[in-house]
Amino acid sequence: MKPATLRDTLTASQWSGMCFFSLAFFAVIFMEMLSDLLLVADRRTAWKALNGNVSEAKFHNLQQIVLCENQKGYIKKKLASTMRLVLMICATAAFVWFTFWYKVLL
């Protein structure tokens with residue numbers, strides 16, 4: 001017996017729902033990574049436009065948490081910005097690859 005492919009198993013509405021869910025999940029993750037990148041890069045205006053207006057003390061506290069400044073060793077801002085940017089590029093590439101790879105698999 002030949003196993004059924006994923007497309008044969010799912011109905012059209014289930015398939016489109018699955019695609020919508022994966023796109024929505026990616027959008028949420030990407031926005032969180034963008035928010036952290038803006039926080040680390042010290043882009044207060046853009047970060048506040050994305051997350052709402054918070055006090056300077058709260059903004060600085062969130063920056064310290066992301067940069068691990070409350071720990072013994074902390075991450076420098078330039079390194080943290082680069083790491084987050086690379087992570088965003090990798091996540092986008094992975095999403096695009098998996099989104100279009102299903103055509104080859106099916």
# chains A, B, ... in the order shown; residues from 1 in each chain; ligands from 1
>>> select_by_dssp(residues="range 36-90 of chain A", states="alpha helix (DSSP H)", output="ChimeraX atom specification")
/A:36-40,44-51,56-67,77-90
>>> residues_around(residues="range 78-84 of chain A", least_positions_apart="3", cutoff="12 Å", atoms="only C-alpha atoms", output="PyMOL selection string")
chain A and resi 30-43+63-64+66-69+74-75+87-91
>>> atom_distance(atom1="CA of Phe26 in chain A", atom2="CA of Trp47 in chain A")
19.3 Å
